[in-house]
file query23.txt (compact mmCIF, N, CA and C atoms)
# COMPACT_ATOMS: atom_id res chain seq x y z
N GLN S 1 128.52 104.40 107.83
CA GLN S 1 127.66 103.81 106.82
C GLN S 1 127.28 102.41 107.27
N VAL S 2 126.00 102.13 107.30
CA VAL S 2 125.47 100.83 107.72
C VAL S 2 124.73 100.21 106.54
N GLN S 3 125.02 98.97 106.28
CA GLN S 3 124.30 98.24 105.24
C GLN S 3 123.79 96.93 105.81
N LEU S 4 122.55 96.60 105.47
CA LEU S 4 121.93 95.36 105.89
C LEU S 4 121.42 94.65 104.64
N VAL S 5 121.81 93.41 104.47
CA VAL S 5 121.41 92.66 103.29
C VAL S 5 120.78 91.33 103.73
N GLU S 6 119.50 91.16 103.38
CA GLU S 6 118.79 89.94 103.76
C GLU S 6 118.87 88.89 102.66
N SER S 7 118.72 87.65 103.06
CA SER S 7 118.63 86.54 102.12
C SER S 7 117.88 85.41 102.79
N GLY S 8 117.44 84.45 101.98
CA GLY S 8 116.83 83.23 102.53
C GLY S 8 115.33 83.13 102.39
N GLY S 9 114.68 84.14 101.86
CA GLY S 9 113.24 84.04 101.68
C GLY S 9 112.89 83.08 100.56
N GLY S 10 111.59 82.83 100.41
CA GLY S 10 111.15 81.94 99.35
C GLY S 10 109.73 81.49 99.54
N LEU S 11 109.36 80.48 98.76
CA LEU S 11 108.02 79.90 98.82
C LEU S 11 108.10 78.56 99.54
N VAL S 12 107.22 78.37 100.50
CA VAL S 12 107.22 77.12 101.27
C VAL S 12 105.78 76.75 101.60
N GLN S 13 105.54 75.47 101.77
CA GLN S 13 104.21 75.02 102.15
C GLN S 13 104.00 75.19 103.65
N ALA S 14 102.76 75.31 104.04
CA ALA S 14 102.44 75.42 105.46
C ALA S 14 103.03 74.24 106.22
N GLY S 15 103.61 74.55 107.37
CA GLY S 15 104.29 73.54 108.17
C GLY S 15 105.77 73.43 107.88
N GLY S 16 106.22 74.07 106.83
CA GLY S 16 107.62 74.02 106.45
C GLY S 16 108.48 75.02 107.22
N SER S 17 109.75 75.08 106.84
CA SER S 17 110.72 75.93 107.52
C SER S 17 111.53 76.74 106.53
N LEU S 18 111.98 77.88 106.99
CA LEU S 18 112.92 78.72 106.25
C LEU S 18 113.87 79.36 107.24
N ARG S 19 115.05 79.70 106.75
CA ARG S 19 116.01 80.42 107.58
C ARG S 19 116.43 81.68 106.86
N LEU S 20 116.15 82.81 107.47
CA LEU S 20 116.55 84.09 106.92
C LEU S 20 117.89 84.50 107.50
N SER S 21 118.67 85.20 106.69
CA SER S 21 119.97 85.69 107.12
C SER S 21 120.08 87.17 106.80
N CYS S 22 120.72 87.90 107.70
CA CYS S 22 120.96 89.33 107.49
C CYS S 22 122.44 89.59 107.71
N ALA S 23 123.10 90.07 106.68
CA ALA S 23 124.51 90.42 106.78
C ALA S 23 124.63 91.92 107.01
N ALA S 24 125.30 92.28 108.09
CA ALA S 24 125.44 93.68 108.45
C ALA S 24 126.87 94.14 108.25
N SER S 25 127.01 95.36 107.79
CA SER S 25 128.34 95.97 107.66
C SER S 25 128.26 97.40 108.17
N GLY S 26 129.38 97.92 108.61
CA GLY S 26 129.39 99.26 109.16
C GLY S 26 129.65 99.22 110.65
N ARG S 27 129.02 100.11 111.38
CA ARG S 27 129.28 100.25 112.81
C ARG S 27 128.48 99.24 113.63
N ILE S 28 128.65 97.97 113.31
CA ILE S 28 127.81 96.95 113.91
C ILE S 28 127.99 96.86 115.42
N ARG S 29 129.17 97.17 115.92
CA ARG S 29 129.41 97.08 117.36
C ARG S 29 128.65 98.15 118.12
N SER S 30 128.18 99.17 117.39
CA SER S 30 127.46 100.26 118.05
C SER S 30 125.95 100.10 117.99
N PHE S 31 125.49 99.02 117.37
CA PHE S 31 124.06 98.83 117.26
C PHE S 31 123.42 98.72 118.63
N GLY S 32 122.25 99.37 118.81
CA GLY S 32 121.51 99.21 120.04
C GLY S 32 120.65 97.97 119.98
N THR S 33 119.82 97.89 118.98
CA THR S 33 118.99 96.71 118.78
C THR S 33 119.18 96.22 117.36
N MET S 34 118.87 94.95 117.15
CA MET S 34 118.96 94.37 115.82
C MET S 34 117.96 93.25 115.74
N GLY S 35 117.24 93.19 114.64
CA GLY S 35 116.24 92.15 114.56
C GLY S 35 115.50 92.12 113.24
N TRP S 36 114.32 91.54 113.27
CA TRP S 36 113.51 91.31 112.08
C TRP S 36 112.11 91.88 112.25
N TYR S 37 111.65 92.50 111.19
CA TYR S 37 110.28 92.99 111.08
C TYR S 37 109.67 92.39 109.83
N ARG S 38 108.36 92.47 109.74
CA ARG S 38 107.69 92.02 108.52
C ARG S 38 106.52 92.92 108.19
N GLN S 39 106.16 92.92 106.92
CA GLN S 39 105.03 93.73 106.46
C GLN S 39 104.27 92.98 105.40
N SER S 40 102.97 92.84 105.62
CA SER S 40 102.08 92.23 104.64
C SER S 40 101.32 93.34 103.93
N PRO S 41 100.83 93.08 102.72
CA PRO S 41 100.08 94.11 101.98
C PRO S 41 98.92 94.64 102.80
N GLY S 42 98.82 95.96 102.88
CA GLY S 42 97.72 96.59 103.59
C GLY S 42 97.89 96.63 105.10
N LYS S 43 99.01 96.14 105.60
CA LYS S 43 99.24 96.13 107.04
C LYS S 43 100.48 96.94 107.37
N GLN S 44 100.56 97.34 108.65
CA GLN S 44 101.74 98.06 109.10
C GLN S 44 102.90 97.09 109.32
N ARG S 45 104.10 97.63 109.23
CA ARG S 45 105.28 96.84 109.52
C ARG S 45 105.26 96.49 111.02
N GLU S 46 105.56 95.23 111.32
CA GLU S 46 105.49 94.78 112.71
C GLU S 46 106.76 94.05 113.12
N LEU S 47 107.05 94.12 114.40
CA LEU S 47 108.20 93.42 114.94
C LEU S 47 107.95 91.92 114.91
N VAL S 48 108.97 91.17 114.49
CA VAL S 48 108.91 89.71 114.55
C VAL S 48 109.78 89.21 115.70
N ALA S 49 111.04 89.60 115.69
CA ALA S 49 111.97 89.17 116.74
C ALA S 49 113.14 90.13 116.75
N MET S 50 113.76 90.30 117.93
CA MET S 50 114.86 91.23 118.01
C MET S 50 115.77 90.91 119.18
N PHE S 51 116.99 91.42 119.09
CA PHE S 51 117.92 91.43 120.21
C PHE S 51 117.87 92.81 120.84
N ALA S 52 117.62 92.83 122.15
CA ALA S 52 117.68 94.09 122.90
C ALA S 52 119.15 94.44 123.14
N PRO S 53 119.40 95.69 123.56
CA PRO S 53 120.79 96.10 123.78
C PRO S 53 121.55 95.21 124.77
N ASN S 54 120.84 94.63 125.73
CA ASN S 54 121.52 93.77 126.71
C ASN S 54 121.64 92.32 126.23
N GLY S 55 121.22 92.06 125.00
CA GLY S 55 121.33 90.72 124.44
C GLY S 55 120.09 89.86 124.60
N ASP S 56 119.13 90.32 125.38
CA ASP S 56 117.88 89.58 125.53
C ASP S 56 117.14 89.54 124.19
N THR S 57 116.33 88.51 124.02
CA THR S 57 115.55 88.39 122.80
C THR S 57 114.08 88.69 123.08
N ARG S 58 113.42 89.23 122.09
CA ARG S 58 111.99 89.52 122.18
C ARG S 58 111.32 89.00 120.92
N TYR S 59 110.12 88.45 121.10
CA TYR S 59 109.38 87.87 119.99
C TYR S 59 107.95 88.39 119.97
N ALA S 60 107.40 88.52 118.78
CA ALA S 60 105.98 88.79 118.67
C ALA S 60 105.22 87.56 119.15
N ASP S 61 104.08 87.77 119.77
CA ASP S 61 103.29 86.64 120.30
C ASP S 61 102.97 85.63 119.19
N ALA S 62 102.74 86.13 117.99
CA ALA S 62 102.31 85.26 116.89
C ALA S 62 103.38 84.26 116.46
N VAL S 63 104.64 84.52 116.83
CA VAL S 63 105.72 83.64 116.36
C VAL S 63 106.42 82.91 117.50
N LYS S 64 106.06 83.20 118.74
CA LYS S 64 106.71 82.55 119.88
C LYS S 64 106.57 81.04 119.78
N GLY S 65 107.68 80.36 120.00
CA GLY S 65 107.67 78.90 119.93
C GLY S 65 107.89 78.35 118.54
N ARG S 66 107.82 79.21 117.53
CA ARG S 66 108.03 78.75 116.14
C ARG S 66 109.27 79.37 115.51
N PHE S 67 109.54 80.62 115.86
CA PHE S 67 110.68 81.34 115.28
C PHE S 67 111.77 81.50 116.33
N THR S 68 113.03 81.50 115.86
CA THR S 68 114.17 81.71 116.74
C THR S 68 115.14 82.68 116.09
N ILE S 69 115.50 83.73 116.82
CA ILE S 69 116.49 84.67 116.33
C ILE S 69 117.84 84.31 116.93
N SER S 70 118.88 84.44 116.12
CA SER S 70 120.24 84.15 116.59
C SER S 70 121.21 85.05 115.84
N ARG S 71 122.45 85.06 116.29
CA ARG S 71 123.47 85.86 115.62
C ARG S 71 124.81 85.20 115.79
N ASP S 72 125.76 85.58 114.94
CA ASP S 72 127.08 85.01 115.07
C ASP S 72 127.88 85.78 116.13
N SER S 73 129.04 85.25 116.51
CA SER S 73 129.80 85.83 117.60
C SER S 73 130.32 87.22 117.25
N ALA S 74 130.53 87.48 115.98
CA ALA S 74 131.01 88.80 115.56
C ALA S 74 129.87 89.80 115.45
N MET S 75 128.64 89.30 115.63
CA MET S 75 127.43 90.12 115.51
C MET S 75 127.32 90.79 114.15
N SER S 76 127.92 90.13 113.15
CA SER S 76 127.82 90.68 111.80
C SER S 76 126.71 90.02 111.01
N ARG S 77 126.14 88.95 111.56
CA ARG S 77 125.02 88.28 110.90
C ARG S 77 123.96 87.95 111.93
N VAL S 78 122.73 88.18 111.53
CA VAL S 78 121.59 87.82 112.36
C VAL S 78 120.71 86.87 111.55
N TYR S 79 120.22 85.86 112.21
CA TYR S 79 119.43 84.85 111.54
C TYR S 79 118.02 84.78 112.14
N LEU S 80 117.11 84.30 111.33
CA LEU S 80 115.76 84.03 111.82
C LEU S 80 115.36 82.66 111.31
N GLN S 81 115.35 81.70 112.23
CA GLN S 81 114.89 80.36 111.89
C GLN S 81 113.38 80.31 112.08
N MET S 82 112.68 79.98 111.02
CA MET S 82 111.22 79.98 111.05
C MET S 82 110.73 78.55 110.81
N ASN S 83 110.08 77.99 111.80
CA ASN S 83 109.54 76.64 111.71
C ASN S 83 108.02 76.67 111.78
N ASP S 84 107.41 75.59 111.34
CA ASP S 84 105.95 75.47 111.37
C ASP S 84 105.30 76.71 110.78
N LEU S 85 105.74 77.08 109.60
CA LEU S 85 105.24 78.30 108.97
C LEU S 85 103.76 78.18 108.62
N LYS S 86 103.07 79.30 108.72
CA LYS S 86 101.64 79.37 108.45
C LYS S 86 101.39 80.39 107.34
N PRO S 87 100.28 80.24 106.62
CA PRO S 87 99.99 81.22 105.57
C PRO S 87 100.01 82.67 106.07
N GLU S 88 99.61 82.89 107.31
CA GLU S 88 99.61 84.25 107.84
C GLU S 88 101.01 84.79 108.10
N ASP S 89 102.04 83.97 107.96
CA ASP S 89 103.42 84.45 108.06
C ASP S 89 103.90 85.05 106.74
N THR S 90 103.10 84.92 105.70
CA THR S 90 103.47 85.49 104.41
C THR S 90 103.65 86.99 104.53
N ALA S 91 104.82 87.49 104.12
CA ALA S 91 105.13 88.91 104.26
C ALA S 91 106.50 89.18 103.66
N LEU S 92 106.80 90.46 103.56
CA LEU S 92 108.15 90.90 103.23
C LEU S 92 108.88 91.10 104.55
N TYR S 93 109.96 90.37 104.73
CA TYR S 93 110.70 90.40 105.99
C TYR S 93 111.91 91.33 105.86
N TYR S 94 112.04 92.22 106.84
CA TYR S 94 113.11 93.21 106.82
C TYR S 94 114.04 93.02 108.01
N CYS S 95 115.32 93.15 107.74
CA CYS S 95 116.30 93.22 108.82
C CYS S 95 116.39 94.67 109.28
N ASN S 96 116.50 94.87 110.58
CA ASN S 96 116.54 96.21 111.15
C ASN S 96 117.68 96.30 112.16
N ALA S 97 118.34 97.44 112.17
CA ALA S 97 119.33 97.75 113.21
C ALA S 97 119.16 99.20 113.59
N LYS S 98 119.28 99.43 114.89
CA LYS S 98 119.14 100.80 115.39
C LYS S 98 120.47 101.27 115.94
N LEU S 99 120.90 102.41 115.45
CA LEU S 99 122.15 103.03 115.87
C LEU S 99 121.81 104.41 116.41
N SER S 100 121.94 104.57 117.72
CA SER S 100 121.49 105.79 118.39
C SER S 100 120.00 105.95 118.11
N THR S 101 119.59 106.99 117.45
CA THR S 101 118.17 107.21 117.17
C THR S 101 117.82 106.88 115.73
N ILE S 102 118.74 106.32 114.98
CA ILE S 102 118.53 106.07 113.56
C ILE S 102 118.24 104.59 113.32
N ASN S 103 117.16 104.35 112.59
CA ASN S 103 116.82 102.99 112.18
C ASN S 103 117.36 102.71 110.78
N TYR S 104 118.02 101.59 110.63
CA TYR S 104 118.50 101.15 109.33
C TYR S 104 117.72 99.91 108.92
N TRP S 105 117.44 99.82 107.62
CA TRP S 105 116.63 98.72 107.09
C TRP S 105 117.32 98.08 105.90
N GLY S 106 117.14 96.78 105.78
CA GLY S 106 117.54 96.10 104.56
C GLY S 106 116.48 96.29 103.49
N GLN S 107 116.70 95.66 102.35
CA GLN S 107 115.77 95.81 101.23
C GLN S 107 114.58 94.88 101.36
N GLY S 108 114.66 93.90 102.23
CA GLY S 108 113.57 92.97 102.45
C GLY S 108 113.72 91.69 101.65
N THR S 109 113.20 90.61 102.20
CA THR S 109 113.17 89.33 101.51
C THR S 109 111.77 88.74 101.65
N GLN S 110 111.21 88.27 100.55
CA GLN S 110 109.82 87.81 100.54
C GLN S 110 109.72 86.39 101.06
N VAL S 111 108.78 86.19 101.97
CA VAL S 111 108.43 84.86 102.45
C VAL S 111 106.97 84.61 102.09
N THR S 112 106.71 83.53 101.36
CA THR S 112 105.36 83.18 100.97
C THR S 112 105.06 81.75 101.43
N VAL S 113 104.00 81.62 102.20
CA VAL S 113 103.62 80.31 102.74
C VAL S 113 102.30 79.90 102.11
N SER S 114 102.31 78.80 101.41
CA SER S 114 101.08 78.33 100.75
C SER S 114 100.35 77.34 101.66
N SER S 115 99.03 77.35 101.55
CA SER S 115 98.22 76.46 102.40
C SER S 115 98.01 75.11 101.76
call {"tool": "encode", "arguments": {"input": "query23.txt", "output": "structure tokens"}}
result
Amino acid sequence: QVQLVESGGGLVQAGGSLRLSCAASGRIRSFGTMGWYRQSPGKQRELVAMFAPNGDTRYADAVKGRFTISRDSAMSRVYLQMNDLKPEDTALYYCNAKLSTINYWGQGTQVTVSS
């Protein structure tokens, strides 16, 4: 059983910062990838940032240089530090973990950036 619980979303002005947190429970040591996705109304869910199985990080071009993904040593929490936020970053942000061929998702946390 895998559970992912996000927190840290909110309303912020353009140029501001937020830090999202994802608490994972279950077979966390078996996760292949773990990271963050987002979805805006009318758009498909898209990758924001992730840890690859070898520990490398990957970022969407739109957030490179502004967002940073990190995790704790126990790999039970994954964070997304978001700086210089823009209105186009407004979305529902989801924590994701992949175990074998199964994708697990959190319930999402809303990030709204006002101009």
call {"tool": "closest_residue", "arguments": {"input": "query23.txt", "among": "S:Ile28, S:Ala91, S:Met34, S:Val2", "to": "Val78 in chain S", "atoms": "all atoms listed in the file"}}
result
S:Met34
call {"tool": "residues_near_point", "arguments": {"input": "query23.txt", "point": "(110.3, 89.7, 116.6)", "cutoff": "7 Å", "atoms": "only N, CA and C atoms", "output": "list in words"}}
result
Gly35, Trp36, Tyr37, Glu46, Leu47, Val48, Ala49, Met50, Arg58, Tyr59 and Ala60 of chain S
call {"tool": "residues_around", "arguments": {"input": "query23.txt", "residues": "range 5-20 of chain S", "least_positions_apart": "5", "cutoff": "5 Å", "atoms": "all atoms listed in the file", "output": "PDB file with N, CA and C atoms, in the coordinates of the input"}}
result
ATOM      1  N   TYR S  79     120.220  85.860 112.210  1.00  0.00           N
ATOM      2  CA  TYR S  79     119.430  84.850 111.540  1.00  0.00           C
ATOM      3  C   TYR S  79     118.020  84.780 112.140  1.00  0.00           C
ATOM      4  N   LEU S  80     117.110  84.300 111.330  1.00  0.00           N
ATOM      5  CA  LEU S  80     115.760  84.030 111.820  1.00  0.00           C
ATOM      6  C   LEU S  80     115.360  82.660 111.310  1.00  0.00           C
ATOM      7  N   GLN S  81     115.350  81.700 112.230  1.00  0.00           N
ATOM      8  CA  GLN S  81     114.890  80.360 111.890  1.00  0.00           C
ATOM      9  C   GLN S  81     113.380  80.310 112.080  1.00  0.00           C
ATOM     10  N   MET S  82     112.680  79.980 111.020  1.00  0.00           N
ATOM     11  CA  MET S  82     111.220  79.980 111.050  1.00  0.00           C
ATOM     12  C   MET S  82     110.730  78.550 110.810  1.00  0.00           C
ATOM     13  N   ASN S  83     110.080  77.990 111.800  1.00  0.00           N
ATOM     14  CA  ASN S  83     109.540  76.640 111.710  1.00  0.00           C
ATOM     15  C   ASN S  83     108.020  76.670 111.780  1.00  0.00           C
ATOM     16  N   ASP S  84     107.410  75.590 111.340  1.00  0.00           N
ATOM     17  CA  ASP S  84     105.950  75.470 111.370  1.00  0.00           C
ATOM     18  C   ASP S  84     105.300  76.710 110.780  1.00  0.00           C
ATOM     19  N   LEU S  85     105.740  77.080 109.600  1.00  0.00           N
ATOM     20  CA  LEU S  85     105.240  78.300 108.970  1.00  0.00           C
ATOM     21  C   LEU S  85     103.760  78.180 108.620  1.00  0.00           C
ATOM     22  N   LYS S  86     103.070  79.300 108.720  1.00  0.00           N
ATOM     23  CA  LYS S  86     101.640  79.370 108.450  1.00  0.00           C
ATOM     24  C   LYS S  86     101.390  80.390 107.340  1.00  0.00           C
ATOM     25  N   THR S 109     113.200  90.610 102.200  1.00  0.00           N
ATOM     26  CA  THR S 109     113.170  89.330 101.510  1.00  0.00           C
ATOM     27  C   THR S 109     111.770  88.740 101.650  1.00  0.00           C
ATOM     28  N   GLN S 110     111.210  88.270 100.550  1.00  0.00           N
ATOM     29  CA  GLN S 110     109.820  87.810 100.540  1.00  0.00           C
ATOM     30  C   GLN S 110     109.720  86.390 101.060  1.00  0.00           C
ATOM     31  N   VAL S 111     108.780  86.190 101.970  1.00  0.00           N
ATOM     32  CA  VAL S 111     108.430  84.860 102.450  1.00  0.00           C
ATOM     33  C   VAL S 111     106.970  84.610 102.090  1.00  0.00           C
ATOM     34  N   THR S 112     106.710  83.530 101.360  1.00  0.00           N
ATOM     35  CA  THR S 112     105.360  83.180 100.970  1.00  0.00           C
ATOM     36  C   THR S 112     105.060  81.750 101.430  1.00  0.00           C
ATOM     37  N   VAL S 113     104.000  81.620 102.200  1.00  0.00           N
ATOM     38  CA  VAL S 113     103.620  80.310 102.740  1.00  0.00           C
ATOM     39  C   VAL S 113     102.300  79.900 102.110  1.00  0.00           C
ATOM     40  N   SER S 114     102.310  78.800 101.410  1.00  0.00           N
ATOM     41  CA  SER S 114     101.080  78.330 100.750  1.00  0.00           C
ATOM     42  C   SER S 114     100.350  77.340 101.660  1.00  0.00           C
ATOM     43  N   SER S 115      99.030  77.350 101.550  1.00  0.00           N
ATOM     44  CA  SER S 115      98.220  76.460 102.400  1.00  0.00           C
ATOM     45  C   SER S 115      98.010  75.110 101.760  1.00  0.00           C
TER      46      SER S 115
END
call {"tool": "closest_residue", "arguments": {"input": "query23.txt", "among": "S:Glu88, S:Gln1, S:Ser30, S:Gly106", "to": "Pro53 in chain S", "atoms": "only C-alpha atoms"}}
result
S:Ser30
call {"tool": "atom_distance", "arguments": {"input": "query23.txt", "atom1": "atom N of Thr33 in chain S", "atom2": "CA of Asn96 in chain S"}}
result
8.7 Å
call {"tool": "select_by_dssp", "arguments": {"input": "query23.txt", "residues": "chain S", "states": "helix (DSSP H, G or I)", "output": "list in words"}}
result
Ile28, Arg29, Ser30, Asp61, Ala62, Val63, Pro87, Glu88 and Asp89 of chain S
call {"tool": "closest_residue", "arguments": {"input": "query23.txt", "among": "S:Lys43, S:Arg66, S:Arg71, S:Arg77", "to": "Ser25 in chain S", "atoms": "only N, CA and C atoms"}}
result
S:Arg77
call {"tool": "atom_distance", "arguments": {"input": "query23.txt", "atom1": "atom N of Arg45 in chain S", "atom2": "CA of Ser73 in chain S"}}
result
29.5 Å
call {"tool": "atom_distance", "arguments": {"input": "query23.txt", "atom1": "CA of Phe31 in chain S", "atom2": "atom C of Ala97 in chain S"}}
result
6.1 Å
call {"tool": "select_by_dssp", "arguments": {"input": "query23.txt", "residues": "chain S", "states": "strand (DSSP E)", "output": "NGL selection string"}}
result
:S and (3-7 or 10-13 or 18-25 or 33-39 or 46-51 or 57-59 or 67-71 or 77-82 or 91-99 or 102-105 or 109-114)
call {"tool": "axis_aligned_box", "arguments": {"input": "query23.txt", "around": "range 50-57 of chain S", "padding_each_side": "3 Å", "output": "AutoDock Vina command-line options"}}
result
--center_x 117.7 --center_y 92.2 --center_z 122.3 --size_x 13.9 --size_y 13.7 --size_z 14.8
call {"tool": "closest_residue", "arguments": {"input": "query23.txt", "among": "S:Phe67, S:Asn54, S:Arg38, S:Gln107", "to": "Leu92 in chain S", "atoms": "only C-alpha atoms"}}
result
S:Arg38
call {"tool": "closest_residue", "arguments": {"input": "query23.txt", "among": "S:Asn103, S:Gln44, S:Ser76, S:Gln39", "to": "Cys22 in chain S", "atoms": "all atoms listed in the file"}}
result
S:Ser76
